[in-house]
>>> print(open('coords_32.txt').read())   # compact mmCIF, C-alpha atoms and all ligand atoms
# COMPACT_ATOMS: atom_id res chain seq x y z
CA MET J 1 143.14 73.97 91.01
CA SER J 2 145.73 72.62 93.44
CA SER J 3 149.06 70.98 92.83
CA GLN J 4 147.46 67.70 93.99
CA ASP J 5 145.49 67.52 90.76
CA ILE J 6 148.56 67.74 88.53
CA PRO J 7 150.82 64.74 87.86
CA GLU J 8 154.24 65.60 89.18
CA GLU J 9 155.99 64.97 85.86
CA ASN J 10 153.74 67.58 84.27
CA LEU J 11 154.37 70.34 86.81
CA PRO J 12 156.99 72.29 84.81
CA ALA J 13 154.67 72.29 81.82
CA ALA J 14 151.57 73.18 83.76
CA GLN J 15 149.40 75.99 82.42
CA ASP J 16 150.34 79.61 83.07
CA THR J 17 148.30 81.54 85.52
CA ALA J 18 148.14 85.24 86.23
CA HIS J 19 150.52 84.60 89.14
CA GLY J 20 153.06 82.69 87.12
CA ALA J 21 153.43 79.11 85.97
CA LEU J 22 151.88 76.49 88.22
CA GLY J 23 154.53 74.09 89.48
CA VAL J 24 157.76 73.96 91.48
CA ALA J 25 159.87 77.10 91.62
CA ASP J 26 163.33 76.64 90.12
CA GLU J 27 165.93 78.69 88.27
CA LYS J 28 163.99 78.56 85.02
CA ASN J 29 160.71 79.39 86.62
CA PRO J 30 161.31 81.27 89.91
CA PHE J 31 157.73 82.54 90.22
CA ALA J 32 155.99 79.21 89.85
CA ASP J 33 152.77 78.94 91.84
CA PRO J 34 153.03 75.89 94.12
CA GLY J 35 149.24 75.70 94.34
CA LEU J 36 147.14 75.18 97.42
CA PRO J 37 148.09 72.81 100.26
CA PRO J 38 145.77 69.85 100.87
CA HIS J 39 142.60 70.82 102.67
CA GLU J 40 142.37 69.76 106.30
CA HIS J 41 138.91 69.16 107.68
CA ARG J 42 138.00 70.61 111.06
CA VAL J 43 136.43 68.51 113.74
CA GLN J 44 133.15 70.35 113.19
CA ASP J 45 133.16 69.29 109.52
CA ILE J 46 133.18 65.61 110.38
CA ASP J 47 131.50 65.48 113.79
CA GLU J 48 127.95 66.82 113.97
CA ARG J 49 128.10 66.87 117.80
CA ALA J 50 131.13 69.17 117.69
CA ALA J 51 129.27 71.36 115.18
CA LYS J 52 126.31 71.52 117.57
CA ARG J 53 128.63 72.52 120.42
CA SER J 54 130.03 75.32 118.30
CA GLU J 55 126.53 76.40 117.37
CA ARG J 56 125.56 76.61 121.04
CA THR J 57 128.72 78.59 121.86
CA VAL J 58 127.97 81.12 119.12
CA ALA J 59 124.35 81.42 120.25
CA LEU J 60 125.51 81.88 123.83
CA LEU J 61 127.83 84.74 122.81
CA PHE J 62 125.05 86.50 120.89
CA THR J 63 122.70 86.01 123.83
CA VAL J 64 125.26 87.52 126.21
CA SER J 65 125.48 90.48 123.84
CA MET J 66 121.71 90.95 124.02
CA LEU J 67 121.75 90.80 127.81
CA ALA J 68 124.64 93.26 127.97
CA THR J 69 122.75 95.75 125.77
CA ILE J 70 119.72 95.43 128.01
CA GLY J 71 122.06 95.98 130.98
CA PHE J 72 123.47 99.09 129.27
CA ILE J 73 120.00 100.60 128.87
CA ALA J 74 118.97 99.63 132.39
CA SER J 75 122.17 101.19 133.81
CA PHE J 76 121.57 104.39 131.90
CA VAL J 77 118.07 104.69 133.30
CA ALA J 78 118.66 103.42 136.83
CA ILE J 79 122.09 104.64 137.95
CA PRO J 80 122.29 108.28 139.10
CA ILE J 81 124.95 110.25 137.25
CA ASP J 82 126.60 111.40 140.49
CA LYS J 83 126.91 107.92 142.08
CA VAL J 84 130.53 107.00 142.77
CA VAL J 85 131.96 103.52 143.47
CA TYR J 86 135.39 102.32 144.54
CA VAL J 87 137.07 99.93 142.11
CA PHE J 88 140.52 98.54 142.79
CA PRO J 89 143.01 99.65 141.42
CA LEU J 90 141.24 102.57 139.72
CA GLY J 91 139.98 104.19 142.91
CA HIS J 92 136.72 106.16 143.01
CA ILE J 93 134.99 106.38 139.64
CA GLY J 94 131.49 107.20 138.39
CA ALA J 95 129.21 104.17 138.68
CA LEU J 96 127.25 105.15 135.57
CA ASN J 97 130.34 105.46 133.38
CA LEU J 98 131.63 102.15 134.70
CA ALA J 99 128.35 100.34 134.05
CA LEU J 100 127.93 101.83 130.56
CA GLY J 101 131.51 101.05 129.60
CA VAL J 102 131.42 97.48 130.85
CA THR J 103 128.01 96.59 129.37
CA LEU J 104 128.67 98.21 126.00
CA GLY J 105 132.10 96.59 125.86
CA ILE J 106 130.63 93.17 126.55
CA ALA J 107 127.82 93.70 124.02
CA LEU J 108 130.22 94.61 121.22
CA PHE J 109 132.90 92.07 122.15
CA THR J 110 130.50 89.13 122.29
CA ILE J 111 128.97 89.99 118.92
CA GLY J 112 132.47 90.02 117.43
CA ALA J 113 133.54 86.88 119.27
CA GLY J 114 130.36 85.07 118.17
CA ALA J 115 130.89 86.04 114.54
CA VAL J 116 134.56 84.97 114.63
CA HIS J 117 133.77 81.64 116.30
CA TRP J 118 130.99 81.01 113.81
CA GLY J 119 133.32 81.76 110.91
CA ARG J 120 136.19 79.65 112.25
CA THR J 121 134.22 76.57 113.22
CA LEU J 122 131.03 76.34 111.16
CA MET J 123 131.31 78.33 107.95
CA SER J 124 132.94 76.64 105.00
CA ASP J 125 136.75 76.88 105.08
CA GLU J 126 137.42 75.27 101.71
CA GLU J 127 140.44 76.93 100.10
CA LEU J 128 139.67 78.49 96.76
CA THR J 129 141.88 79.79 94.01
CA ASP J 130 140.70 83.15 92.72
CA GLU J 131 142.40 83.96 89.43
CA ARG J 132 143.19 87.56 88.62
CA HIS J 133 140.77 89.13 86.24
CA PRO J 134 140.15 92.53 84.64
CA ILE J 135 138.96 95.14 87.13
CA GLU J 136 135.84 95.87 85.14
CA ALA J 137 133.18 93.39 86.14
CA SER J 138 131.39 91.78 83.23
CA PRO J 139 127.76 90.65 83.53
CA GLU J 140 129.03 87.08 83.82
CA VAL J 141 131.25 88.07 86.76
CA ARG J 142 128.41 89.86 88.48
CA THR J 143 126.25 86.79 88.04
CA LYS J 144 129.06 84.67 89.46
CA VAL J 145 129.47 86.99 92.44
CA MET J 146 125.80 86.70 93.21
CA ASP J 147 125.99 82.94 92.83
CA ASP J 148 129.01 82.86 95.17
CA PHE J 149 127.15 85.05 97.63
CA ARG J 150 124.18 82.72 97.61
CA GLN J 151 126.49 79.78 97.91
CA GLY J 152 128.23 81.45 100.86
CA ALA J 153 124.91 82.12 102.54
CA LYS J 154 124.00 78.50 101.98
CA GLU J 155 127.30 77.21 103.32
CA SER J 156 127.12 79.49 106.36
CA ALA J 157 123.98 77.49 107.18
CA ILE J 158 122.22 80.68 108.21
CA GLY J 159 118.95 79.20 106.99
CA ARG J 160 119.49 75.86 108.66
CA ARG J 161 121.01 77.02 111.93
CA LYS J 162 118.07 79.05 113.06
CA LEU J 163 119.31 79.44 116.64
CA ILE J 164 122.42 81.30 115.48
CA ARG J 165 120.49 83.34 112.94
CA ASN J 166 117.85 84.44 115.40
CA THR J 167 120.23 85.30 118.22
CA MET J 168 122.53 87.15 115.81
CA PHE J 169 119.65 89.25 114.46
CA GLY J 170 118.56 89.87 118.05
CA ALA J 171 122.04 91.04 119.07
CA LEU J 172 122.48 93.22 115.98
CA THR J 173 119.04 94.75 116.48
CA LEU J 174 119.60 95.58 120.12
CA VAL J 175 123.15 96.92 120.04
CA PRO J 176 122.29 100.17 118.13
CA LEU J 177 119.77 100.98 120.89
CA SER J 178 122.76 101.94 123.04
CA GLY J 179 123.39 104.90 120.73
CA VAL J 180 119.72 105.89 120.74
CA VAL J 181 119.68 105.95 124.53
CA LEU J 182 122.73 108.22 124.58
CA LEU J 183 120.75 110.86 122.65
CA ARG J 184 119.20 111.71 125.99
CA ASP J 185 122.54 113.23 126.99
CA LEU J 186 122.02 115.97 124.41
CA GLY J 187 119.85 117.60 127.06
CA PRO J 188 116.30 118.90 127.06
CA LEU J 189 114.76 120.52 123.99
CA PRO J 190 115.17 124.30 123.97
CA GLU J 191 111.40 124.75 123.53
CA ASP J 192 110.75 128.50 123.42
CA LYS J 193 113.95 129.56 125.19
CA LEU J 194 115.49 130.52 121.84
CA ARG J 195 112.50 132.73 121.06
CA HIS J 196 112.94 134.99 124.08
CA THR J 197 115.81 137.02 125.46
CA ALA J 198 116.29 139.00 128.67
CA TRP J 199 114.86 142.13 127.05
CA SER J 200 111.42 143.37 128.11
CA ARG J 201 109.59 146.66 128.08
CA GLY J 202 111.32 149.29 130.27
CA LYS J 203 114.68 147.52 130.64
CA LEU J 204 117.53 150.00 130.39
CA LEU J 205 120.30 149.61 127.81
CA ILE J 206 123.57 149.16 129.73
CA ASN J 207 126.82 150.03 128.00
CA GLN J 208 128.97 146.87 128.07
CA ASN J 209 132.17 148.91 128.40
CA THR J 210 131.16 151.26 131.20
CA ASN J 211 128.39 149.15 132.76
CA GLU J 212 126.31 152.36 132.93
CA PRO J 213 122.85 153.14 131.54
CA MET J 214 123.02 154.99 128.25
CA ARG J 215 121.57 158.32 127.21
CA PRO J 216 120.96 159.21 123.55
CA SER J 217 123.73 161.78 123.76
CA ASP J 218 126.23 158.98 124.54
CA ILE J 219 125.75 157.54 121.05
CA ILE J 220 127.87 159.39 118.52
CA THR J 221 127.20 159.14 114.81
CA GLY J 222 129.60 156.65 113.25
CA SER J 223 130.42 154.82 116.48
CA LEU J 224 129.52 151.23 117.37
CA THR J 225 128.48 150.58 120.98
CA PHE J 226 127.62 147.26 122.59
CA ALA J 227 124.87 147.02 125.16
CA GLN J 228 123.06 144.48 127.36
CA PRO J 229 119.91 144.60 129.49
CA GLU J 230 120.07 145.96 133.02
CA GLY J 231 120.15 143.41 135.84
CA LEU J 232 122.61 140.96 134.25
CA ASP J 233 125.98 140.75 135.94
CA PRO J 234 128.72 139.82 133.44
CA HIS J 235 130.73 138.28 136.31
CA ASP J 236 127.90 135.90 137.18
CA HIS J 237 128.38 132.79 135.03
CA GLY J 238 124.73 131.94 135.45
CA PHE J 239 123.86 134.93 133.29
CA ASN J 240 126.42 134.39 130.54
CA ASN J 241 123.95 132.74 128.15
CA GLU J 242 121.39 135.47 128.75
CA ILE J 243 123.96 138.20 128.12
CA ALA J 244 125.15 136.50 124.94
CA LYS J 245 121.63 136.13 123.59
CA ALA J 246 120.59 139.68 124.44
CA ALA J 247 123.78 141.46 123.28
CA LEU J 248 123.08 144.55 121.18
CA MET J 249 124.91 146.65 118.63
CA ILE J 250 123.94 150.32 118.93
CA VAL J 251 124.60 152.73 116.08
CA ARG J 252 123.38 156.22 115.24
CA ILE J 253 122.52 157.01 111.63
CA GLN J 254 121.03 160.24 110.29
CA PRO J 255 117.27 159.52 110.10
CA ASP J 256 117.11 160.58 106.44
CA GLU J 257 119.75 157.92 105.65
CA ILE J 258 117.70 155.09 107.15
CA LYS J 259 116.10 153.33 104.19
CA ASP J 260 113.86 150.87 106.01
CA LYS J 261 110.68 152.46 107.34
CA ARG J 262 110.21 150.02 110.22
CA ALA J 263 113.85 150.32 111.25
CA LEU J 264 113.35 154.09 111.50
CA GLU J 265 110.15 153.69 113.54
CA TRP J 266 111.87 151.28 115.95
CA SER J 267 114.83 153.62 116.41
CA HIS J 268 115.10 156.62 118.69
CA GLU J 269 116.06 159.66 116.63
CA GLY J 270 118.27 157.49 114.41
CA ILE J 271 119.69 155.35 117.21
CA LEU J 272 119.25 151.75 116.12
CA ALA J 273 119.65 148.63 118.28
CA TYR J 274 120.29 145.32 116.49
CA SER J 275 121.15 141.88 117.80
CA LYS J 276 124.91 141.38 117.88
CA ILE J 277 124.57 137.65 117.13
CA CYS J 278 125.18 136.78 113.49
CA THR J 279 122.28 134.93 111.90
CA HIS J 280 124.64 132.58 110.08
CA VAL J 281 126.12 130.44 112.88
CA GLY J 282 126.04 132.87 115.77
CA CYS J 283 129.40 134.68 115.89
CA PRO J 284 129.38 138.07 117.60
CA ILE J 285 129.49 140.87 115.05
CA SER J 286 132.15 143.41 115.89
CA LEU J 287 133.07 145.44 112.82
CA TYR J 288 131.21 148.51 111.58
CA GLU J 289 131.93 150.67 108.59
CA GLN J 290 130.42 154.10 109.30
CA GLN J 291 130.33 155.51 105.74
CA THR J 292 128.40 152.57 104.31
CA HIS J 293 126.64 151.61 107.58
CA HIS J 294 127.72 148.02 106.98
CA ALA J 295 128.31 145.65 109.88
CA LEU J 296 130.64 142.73 109.16
CA CYS J 297 130.74 139.36 110.85
CA PRO J 298 134.40 138.30 111.21
CA CYS J 299 133.66 134.59 111.01
CA HIS J 300 132.49 134.17 107.40
CA GLN J 301 132.19 137.78 106.25
CA SER J 302 128.43 138.10 106.25
CA THR J 303 127.68 141.80 105.81
CA PHE J 304 124.54 143.54 107.04
CA ASP J 305 123.28 146.99 106.03
CA LEU J 306 122.25 148.63 109.31
CA SER J 307 120.63 151.53 107.44
CA ASP J 308 118.30 149.10 105.68
CA GLY J 309 116.90 146.94 108.47
CA ALA J 310 120.24 145.03 108.82
CA LYS J 311 119.47 143.10 105.65
CA VAL J 312 122.16 140.70 104.43
CA ILE J 313 124.02 142.20 101.49
CA PHE J 314 126.87 139.67 101.35
CA GLY J 315 127.88 136.34 102.79
CA PRO J 316 126.27 133.13 103.97
CA ALA J 317 123.84 134.56 106.56
CA GLY J 318 120.28 133.96 105.43
CA HIS J 319 118.40 136.44 107.58
CA ALA J 320 118.57 140.08 108.64
CA LEU J 321 119.72 140.85 112.17
CA PRO J 322 116.71 141.18 114.52
CA GLN J 323 116.08 144.76 115.64
CA LEU J 324 115.10 145.78 119.17
CA ARG J 325 112.56 148.56 119.46
CA ILE J 326 113.91 151.27 121.77
CA GLY J 327 112.84 154.58 123.30
CA VAL J 328 113.79 156.92 126.12
CA ASN J 329 112.32 156.81 129.64
CA ASP J 330 111.28 159.73 131.83
CA GLU J 331 114.80 160.08 133.16
CA GLY J 332 116.29 160.34 129.70
CA TYR J 333 117.84 156.87 129.50
CA LEU J 334 117.56 154.55 126.52
CA GLU J 335 115.20 151.65 127.26
CA ALA J 336 113.77 148.64 125.42
CA LEU J 337 110.13 148.80 124.35
CA GLY J 338 109.81 145.01 124.45
CA ASP J 339 111.69 141.85 123.54
CA PHE J 340 112.90 141.03 120.02
CA ASP J 341 109.94 140.04 117.89
CA GLU J 342 111.86 137.04 116.46
CA PRO J 343 114.58 134.64 117.69
CA VAL J 344 118.12 135.97 117.60
CA GLY J 345 121.04 134.13 116.03
CA PRO J 346 120.82 131.22 113.61
CA ALA J 347 117.63 129.79 115.13
CA PHE J 348 115.85 129.36 111.82
CA TRP J 349 113.79 126.43 113.06
CA GLU J 350 112.17 128.77 115.59
CA ARG J 351 111.01 131.30 113.02
CA GLY J 352 107.40 130.99 112.09
S1 LIG T 401 128.78 133.37 111.75
FE1 LIG T 401 128.65 135.27 110.83
S2 LIG T 401 129.07 134.89 108.80
FE2 LIG T 401 129.21 132.96 109.69
>>> encode(input="coords_32.txt", output="structure tokens")
Amino acid sequence: MSSQDIPEENLPAAQDTAHGALGVADEKNPFADPGLPPHEHRVQDIDERAAKRSERTVALLFTVSMLATIGFIASFVAIPIDKVVYVFPLGHIGALNLALGVTLGIALFTIGAGAVHWGRTLMSDEELTDERHPIEASPEVRTKVMDDFRQGAKESAIGRRKLIRNTMFGALTLVPLSGVVLLRDLGPLPEDKLRHTAWSRGKLLINQNTNEPMRPSDIITGSLTFAQPEGLDPHDHGFNNEIAKAALMIVRIQPDEIKDKRALEWSHEGILAYSKICTHVGCPISLYEQQTHHALCPCHQSTFDLSDGAKVIFGPAGHALPQLRIGVNDEGYLEALGDFDEPVGPAFWERG
């Protein structure tokens, strides 16, 4: 209800609302609600040609958005990542980044601009008074909300103005494709790279501290030694991933204290080689408790019993540490007898 509907002499006595009494604010009634101002019709409300012009403008903006999204995808496919262009005043910048930024910006901006223009010029702009009501929605209120929603849909003319509706759906359907295309930047699938490491039969175990091949006598009971395969230079960045994947923990345990039969068979006289990569989320394990033979991951405290096949005895890791089968070559050095027989680290999706 607006103040226009109330005779002026009745204003002070007008009904109370949740906001205060409807009427003119004065000393007696400082919070009086003056009501809504008279509604002013827009040119589009009274001139169908102006409404048509607005409709075409909105459709044009949505169409531009569609074209910009297509341009975004085309740029992503066609422009080499290393192509550089000169743009004043920015200087030399990547052509791909420039094209993606400009096209995505236009696509999003024109959808927003189209929606705003549609709302400002064509959707109903009748002022409404919405009285306060209890927060809990009653069935009647829910019914009213649905009725209002349907009324709003009707007044937005989405059914009647098919050009706007179709171009809007087209723009909204295409714009998410930009995100799908960007998934390509996640790189190629790992395929079976996670299943294999740099270990193979005959590769020597190299002490990561001394960078020397190891003999069984170098491994003292109770100590924890880290090793990597021969042929990987830690100073060569190209090998860093390979070194990380293949990193080993070497411990020596009295054979009669090794509970797991396979772990004993894969050891050399009680020298056991396990992957150093935690099977939870891949932290390097670095703590070893010699009395209990427990290895502890510092990240989330997963604990592995190295005397029992490196089974998890505590913490969030869901899988024992993979063991590398080792032996000794003719020259007395410790060597691998093959690769790990399962993926190292938290590569659960690779385990069959
Ligand atoms: S990464 Fe080792 S416990 Fe989480």
>>> residues_near_ligand(input="coords_32.txt", ligand="ligand LIG 401 (chain T)", cutoff="7 Å", atoms="all atoms listed in the file", output="list in words")
Cys278, Thr279, His280, Val281, Gly282, Cys283, Cys297, Pro298, Cys299, His300, Gln301, Ser302, Gly315, Pro316 and Ala317 of chain J
>>> atom_distance(input="coords_32.txt", atom1="atom CA of Ala115 of chain J", atom2="atom CA of Val58 of chain J")
7.3 Å
>>> closest_residue(input="coords_32.txt", among="J:Gly152, J:Pro284, J:Ala273, J:Leu337", to="Glu126 of chain J", atoms="all atoms listed in the file")
J:Gly152
>>> residues_around(input="coords_32.txt", residues="Ala157 of chain J", least_positions_apart="2", cutoff="12 Å", atoms="all atoms listed in the file", output="PDB file with C-alpha atoms, in the coordinates of the input")
ATOM      1  CA  ALA J  51     129.270  71.360 115.180  1.00  0.00           C
ATOM      2  CA  GLU J  55     126.530  76.400 117.370  1.00  0.00           C
ATOM      3  CA  TRP J 118     130.990  81.010 113.810  1.00  0.00           C
ATOM      4  CA  GLY J 119     133.320  81.760 110.910  1.00  0.00           C
ATOM      5  CA  THR J 121     134.220  76.570 113.220  1.00  0.00           C
ATOM      6  CA  LEU J 122     131.030  76.340 111.160  1.00  0.00           C
ATOM      7  CA  MET J 123     131.310  78.330 107.950  1.00  0.00           C
ATOM      8  CA  SER J 124     132.940  76.640 105.000  1.00  0.00           C
ATOM      9  CA  ARG J 150     124.180  82.720  97.610  1.00  0.00           C
ATOM     10  CA  GLN J 151     126.490  79.780  97.910  1.00  0.00           C
ATOM     11  CA  GLY J 152     128.230  81.450 100.860  1.00  0.00           C
ATOM     12  CA  ALA J 153     124.910  82.120 102.540  1.00  0.00           C
ATOM     13  CA  LYS J 154     124.000  78.500 101.980  1.00  0.00           C
ATOM     14  CA  GLU J 155     127.300  77.210 103.320  1.00  0.00           C
ATOM     15  CA  GLY J 159     118.950  79.200 106.990  1.00  0.00           C
ATOM     16  CA  ARG J 160     119.490  75.860 108.660  1.00  0.00           C
ATOM     17  CA  ARG J 161     121.010  77.020 111.930  1.00  0.00           C
ATOM     18  CA  LYS J 162     118.070  79.050 113.060  1.00  0.00           C
ATOM     19  CA  LEU J 163     119.310  79.440 116.640  1.00  0.00           C
ATOM     20  CA  ILE J 164     122.420  81.300 115.480  1.00  0.00           C
ATOM     21  CA  ARG J 165     120.490  83.340 112.940  1.00  0.00           C
TER      22      ARG J 165
END
>>> atom_distance(input="coords_32.txt", atom1="atom CA of Lys193 of chain J", atom2="atom CA of Leu306 of chain J")
26.2 Å
>>> residues_around(input="coords_32.txt", residues="segment 90-99 of chain J", least_positions_apart="6", cutoff="10 Å", atoms="only C-alpha atoms", output="VMD selection string")
chain J and resid 71 to 84 105
>>> residues_near_point(input="coords_32.txt", point="(125.9, 146.8, 126.3)", cutoff="6 Å", atoms="all atoms listed in the file", output="ChimeraX atom specification")
/J:206-208,226-228
>>> closest_residue(input="coords_32.txt", among="J:Lys203, J:Arg215, J:His294, J:Arg184", to="Glu331 of chain J", atoms="only C-alpha atoms")
J:Arg215
>>> build_atoms(input="coords_32.txt", residues="segment 49-79 of chain J", atoms="N, CA and C atoms", output="tab-separated table (two decimals), in the coordinates of the input")
chain	number	residue	atom	x	y	z
J	49	ARG	N	128.23	66.44	116.39
J	49	ARG	CA	128.10	66.87	117.80
J	49	ARG	C	129.00	68.06	118.10
J	50	ALA	N	130.22	68.03	117.51
J	50	ALA	CA	131.13	69.17	117.69
J	50	ALA	C	130.53	70.41	117.03
J	51	ALA	N	129.90	70.22	115.87
J	51	ALA	CA	129.27	71.36	115.18
J	51	ALA	C	128.16	71.94	116.05
J	52	LYS	N	127.40	71.05	116.69
J	52	LYS	CA	126.31	71.52	117.57
J	52	LYS	C	126.88	72.31	118.75
J	53	ARG	N	128.01	71.79	119.30
J	53	ARG	CA	128.63	72.52	120.42
J	53	ARG	C	129.04	73.93	119.99
J	54	SER	N	129.62	74.00	118.80
J	54	SER	CA	130.03	75.32	118.30
J	54	SER	C	128.81	76.22	118.11
J	55	GLU	N	127.75	75.62	117.60
J	55	GLU	CA	126.53	76.40	117.37
J	55	GLU	C	126.03	76.98	118.69
J	56	ARG	N	126.05	76.13	119.74
J	56	ARG	CA	125.56	76.61	121.04
J	56	ARG	C	126.47	77.70	121.59
J	57	THR	N	127.78	77.56	121.36
J	57	THR	CA	128.72	78.59	121.86
J	57	THR	C	128.44	79.93	121.19
J	58	VAL	N	128.24	79.87	119.86
J	58	VAL	CA	127.97	81.12	119.12
J	58	VAL	C	126.66	81.74	119.62
J	59	ALA	N	125.65	80.91	119.78
J	59	ALA	CA	124.35	81.42	120.25
J	59	ALA	C	124.49	82.01	121.64
J	60	LEU	N	125.30	81.36	122.48
J	60	LEU	CA	125.51	81.88	123.83
J	60	LEU	C	126.16	83.27	123.79
J	61	LEU	N	127.16	83.43	122.91
J	61	LEU	CA	127.83	84.74	122.81
J	61	LEU	C	126.85	85.82	122.35
J	62	PHE	N	126.03	85.51	121.36
J	62	PHE	CA	125.05	86.50	120.89
J	62	PHE	C	124.03	86.80	121.99
J	63	THR	N	123.66	85.78	122.74
J	63	THR	CA	122.70	86.01	123.83
J	63	THR	C	123.30	86.91	124.90
J	64	VAL	N	124.58	86.66	125.22
J	64	VAL	CA	125.26	87.52	126.21
J	64	VAL	C	125.27	88.95	125.70
J	65	SER	N	125.49	89.13	124.40
J	65	SER	CA	125.48	90.48	123.84
J	65	SER	C	124.12	91.15	124.05
J	66	MET	N	123.06	90.38	123.81
J	66	MET	CA	121.71	90.95	124.02
J	66	MET	C	121.52	91.37	125.47
J	67	LEU	N	121.92	90.49	126.38
J	67	LEU	CA	121.75	90.80	127.81
J	67	LEU	C	122.57	92.03	128.20
J	68	ALA	N	123.79	92.12	127.64
J	68	ALA	CA	124.64	93.26	127.97
J	68	ALA	C	124.01	94.56	127.47
J	69	THR	N	123.40	94.53	126.29
J	69	THR	CA	122.75	95.75	125.77
J	69	THR	C	121.58	96.14	126.66
J	70	ILE	N	120.82	95.12	127.09
J	70	ILE	CA	119.72	95.43	128.01
J	70	ILE	C	120.28	96.02	129.31
J	71	GLY	N	121.41	95.45	129.78
J	71	GLY	CA	122.06	95.98	130.98
J	71	GLY	C	122.53	97.40	130.78
J	72	PHE	N	123.03	97.72	129.58
J	72	PHE	CA	123.47	99.09	129.27
J	72	PHE	C	122.30	100.06	129.42
J	73	ILE	N	121.16	99.71	128.82
J	73	ILE	CA	120.00	100.60	128.87
J	73	ILE	C	119.49	100.73	130.30
J	74	ALA	N	119.45	99.59	131.00
J	74	ALA	CA	118.97	99.63	132.39
J	74	ALA	C	119.89	100.49	133.25
J	75	SER	N	121.22	100.38	133.04
J	75	SER	CA	122.17	101.19	133.81
J	75	SER	C	121.94	102.66	133.54
J	76	PHE	N	121.73	102.98	132.26
J	76	PHE	CA	121.57	104.39	131.90
J	76	PHE	C	120.35	104.99	132.59
J	77	VAL	N	119.30	104.19	132.69
J	77	VAL	CA	118.07	104.69	133.30
J	77	VAL	C	118.16	104.68	134.82
J	78	ALA	N	118.78	103.64	135.38
J	78	ALA	CA	118.66	103.42	136.83
J	78	ALA	C	119.78	104.05	137.66
J	79	ILE	N	120.97	104.20	137.10
J	79	ILE	CA	122.09	104.64	137.95
J	79	ILE	C	122.20	106.16	137.93
